[in-house]
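Data block below; observations after.
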Amino acid sequence: MEDTTMIWIEKYRPVTLADIVGQDDIVERLQSYVKTGNLPHLLFTGSAGVGKTTAAVALAREFFGDSWNLNFRELNASDERGIDVVRNQIKQFARTSPLGGATFKILFLDEADALTPDAQAALRRTMESYATTCRFILSCNYSSKIIDPIQSRCAIYRFRSLSAEAITKEILRIAENEKIRITGPAIQAIVYIAQGDMRKAINALQGAAILAPEIDAGMVYAITATARPDEIEDLLSTSLSGDFEGAEAILHHLLQDRGIAPNELINQCYRMIVRREMDPHLRVALIDQLGTTDFRLSEGAGTEIQMEAMIAQFVLQARKHGQKG
């Protein structure tokens with residue numbers, strides 16, 4: 001195995017737009033900007049690990065060449081959410097002239113949906129005032145949290161979650177390059193854990209590779225503190241069969257012995273429930289209970305009580321709807 005001291009998400013981060021996987025339509029349109037030499041303000045929206053930051057950096061590299069880092073700045077709005085970050089850091093960068101013969105600079109604002117409404121209003125004014133010297137690329141998970149005046153000034157690109165095929169291909173490429181042996185079930189486990197997030201997939205691969213030169217599925221689930229799908233199925237089938245004590249024992253094993261986070265367990269239960277065969281009314285009731293438990297935990301309620309109450313409701317709802325495991 002190759003040296004694992006370097007973080008693989010950086011080592012294998014695409015350098016050019018053409019290297020980006022799973023976002024072919026977006027890549028093609030971004031490449032057209034490079035060909036014309038002009039760029040509007042952009043809004044990248046999508047879940048984590050799908051290539052938003054990578055696309056912004058690659059775009060800057062292709063526009064500016066060797067001087068790209070002189071004319072590109074990345075800020076994370078979640079670090080400073082208020083209006084001061086706009087007045088100080090953003091405005092200061094936007095107002096200065098580009099270097100190295102470039103006609104404009106690029107400011108990439110990651111997690112822009114973390115900005116307060118007042119800060120977004122100030123950002124909109126800055127985008128208007130310095131459009132001749134600076135183009136803005138905003139990145140967010142939820143475009144609905146970006147005010148309409150900013151959205152209307154941007155070309156919006158919606159990055160989709162990466163397919164299992166795209167993640168599998170990249171994992172196999174990295175494993176070959178790092179001289180790692182990885183089993184088929186281990187690849188399936190990484191795809192399951194990643195949920196379309198390439199960053200999560202590569203981190204899981206590196207975490208497992210540090211433990212041993214040959215990776216199996218058990219190592220992947222252990223290093224990521226994720227329940228196996230069959231363990232989630234056992235929890236649900238035991239609950240829906242009416243065996244509260246049995247379900248409680250499984251729950252305690254997953255939470256305490258395996259160290260799986262409650263919100264991760266809720267997410268995995270949701271993924272299993274939506275694809276499991278069951279009465280539609282029961283499915284609605286179970287998902288509603290998952291939402292209630294998730295909300296209560298986010299409000300600081302006790303983990304053990306809320307998780308046990310959740311499976312208790314699973315048992316009661318199964319009896320109500322005549323489900324037998």
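Ligands are numbered from 1 in the order shown, residues from 1 within each chain, and chains are lettered A, B, ... in the order they appear in the structure tokens.
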Inset, instruction - May I have the residues within 10 Å of Ala285 in chain A as a PyMOL selection string, using only C-alpha atoms and disregarding those fewer than 5 positions away in the same chain? - result: chain A and resi 280+290-291+313-314+317-318+321
For the residues in that selection, give me N, CA and C atoms as a compact mmCIF listing (two decimals), in the first residue's frame.
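Generated output (out-v2.txt):
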# COMPACT_ATOMS: atom_id res chain seq x y z
N PRO A 280 -48.78 0.55 3.42
CA PRO A 280 -48.45 1.97 3.21
C PRO A 280 -48.77 2.85 4.41
N LEU A 290 -40.01 8.47 13.09
CA LEU A 290 -38.59 8.78 12.89
C LEU A 290 -38.36 10.29 12.93
N GLY A 291 -39.25 11.02 12.25
CA GLY A 291 -39.13 12.48 12.23
C GLY A 291 -39.29 13.08 13.62
N GLN A 313 -42.90 2.71 19.71
CA GLN A 313 -43.92 3.14 18.76
C GLN A 313 -43.94 2.23 17.53
N PHE A 314 -42.78 1.73 17.12
CA PHE A 314 -42.76 0.78 16.01
C PHE A 314 -43.59 -0.45 16.36
N GLN A 317 -47.36 0.57 16.47
CA GLN A 317 -47.90 0.84 15.13
C GLN A 317 -48.04 -0.44 14.32
N ALA A 318 -47.12 -1.38 14.50
CA ALA A 318 -47.22 -2.67 13.80
C ALA A 318 -48.45 -3.43 14.26
N HIS A 321 -51.60 -1.85 12.77
CA HIS A 321 -51.82 -2.08 11.34
C HIS A 321 -51.71 -3.55 10.96
Legend entry - Selection near range 242-259 of chain A, 6 Å with only C-alpha atoms, sequence-local residues under 4 positions removed, as a ChimeraX atom specification: /A:235,238,315
Inset, instruction - Would you kindly return, as a PyMOL selection string, each protein, DNA or RNA residue with an atom no farther than 8 Å from any atom of Ile156 in chain A, considering only C-alpha atoms and excluding same-chain residues fewer than 2 positions away? - result: chain A and resi 42-45+151+154+158
Legend entry - Non-local contacts of Ala186 in chain A (7 Å; only C-alpha atoms; under 4 positions in same chain excluded) as a list in words: Ile182, Ile190, Ile215, Asp216, Ala217 and Val220 of chain A
Write to file, as a tab-separated table (two decimals), in the first residue's frame, the residues of the selection just made, with C-alpha atoms.
chain	number	residue	atom	x	y	z
A	182	ILE	CA	-10.73	-4.72	-1.59
A	190	ILE	CA	-18.68	1.97	0.90
A	215	ILE	CA	-10.36	-4.46	3.07
A	216	ASP	CA	-13.56	-6.36	3.78
A	217	ALA	CA	-17.07	-5.13	4.48
A	220	VAL	CA	-15.74	-0.57	6.42
Legend entry - Minimum-distance residue to Met219 in chain A, chosen among A:Leu109, A:Leu236, A:Ile305, A:Ala189 (using only C-alpha atoms): A:Ala189
Legend entry - Contact residues around Lys35 in chain A with only C-alpha atoms at 10 Å, ignoring same-chain residues under 5 positions, as a ChimeraX atom specification: /A:30,62-63
With C-alpha atoms kept, could you save the residues just selected as an mmCIF file, in the first residue's frame?
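Saved to selection.cif:
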data_model
loop_
_atom_site.group_PDB
_atom_site.id
_atom_site.type_symbol
_atom_site.label_atom_id
_atom_site.label_comp_id
_atom_site.auth_asym_id
_atom_site.auth_seq_id
_atom_site.Cartn_x
_atom_site.Cartn_y
_atom_site.Cartn_z
ATOM 1 C CA LEU A 30 -18.679 25.251 -17.247
ATOM 2 C CA GLU A 62 -8.716 26.770 -16.257
ATOM 3 C CA PHE A 63 -9.560 30.470 -16.410
#
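The gap separating CA of Ile26 in chain A from CA of Arg199 in chain A is 18.8 Å, in Å to one decimal.
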Legend entry - Backbone-only DSSP, helix (DSSP H, G or I) members of range 94-217 of chain A, as an MDAnalysis selection string: chainID A and resid 94:95 112:114 117:129 143:145 148:151 164:177 184:194 198:211 217
Inset, instruction - Point out the residue among A:Ala301, A:Val85, A:Ile7, A:Ile180 with the least atom-to-atom distance to Pro213 in chain A, counting only C-alpha atoms. - result: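 Answer, going by the shortest atom-to-atom distance: A:Ile180.
Of the residues under consideration (A:Val50, A:Ile137, A:Leu70, A:Val284), A:Val50 shows the shortest atom-to-atom contact distance to Ser161 in chain A when counting only C-alpha atoms.
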Inset, instruction - Go through A:Ala227, A:Ala209, A:Ile150, A:Ala155 and flag the residue nearest Lys179 in chain A, using only C-alpha atoms for the distances. - result: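 Smallest distance to Lys179 in chain A is found for A:Ala209.
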Legend entry - Shortest interatomic distance to Ala48 in chain A - which of A:Thr96, A:Gln120, A:Ser139, A:Ser129, counting only C-alpha atoms: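 Nearest candidate to Ala48 in chain A out of A:Thr96, A:Gln120, A:Ser139, A:Ser129: A:Ser139.
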Inset, instruction - Step one, run DSSP on the backbone; step two, keep only residues of range 58-102 of chain A assigned to strand (DSSP E or B); then write them as a list in words. - result: Phe72, Arg73, Glu74, Leu75 and Asn76 of chain A
Export of prior selection with C-alpha atoms as a compact mmCIF listing (two decimals), in the first residue's frame:
# COMPACT_ATOMS: atom_id res chain seq x y z
CA PHE A 72 -9.14 33.13 -6.59
CA ARG A 73 -10.21 33.18 -2.98
CA GLU A 74 -12.26 30.65 -1.03
CA LEU A 75 -14.23 31.59 2.07
CA ASN A 76 -16.53 29.48 4.20
Inset, instruction - Find the spatial neighbours of range 121-124 of chain A, counting only C-alpha atoms, within a cut-off of 9 Å - ignore same-chain residues fewer than 3 positions away - and output them as a list in words. - result: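 Returned residues: Ile83, Val86, Arg87, Ile90, Lys91, Thr116, Pro117, Asp118, Met127, Glu128, Ser129, Ile147, Pro149, Ile150 and Arg153 of chain A.
For the residues A:Ile20, A:Leu107, A:Ala261, A:Ala58, ranking by smallest atom-to-atom distance to Leu297 in chain A using only C-alpha atoms places A:Ala261 first.
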Legend entry - Contact residues around Ala102 in chain A with only C-alpha atoms at 10 Å, ignoring same-chain residues under 3 positions, as a PyMOL selection string: chain A and resi 63-65+67-68+70-71+97-99+105+133
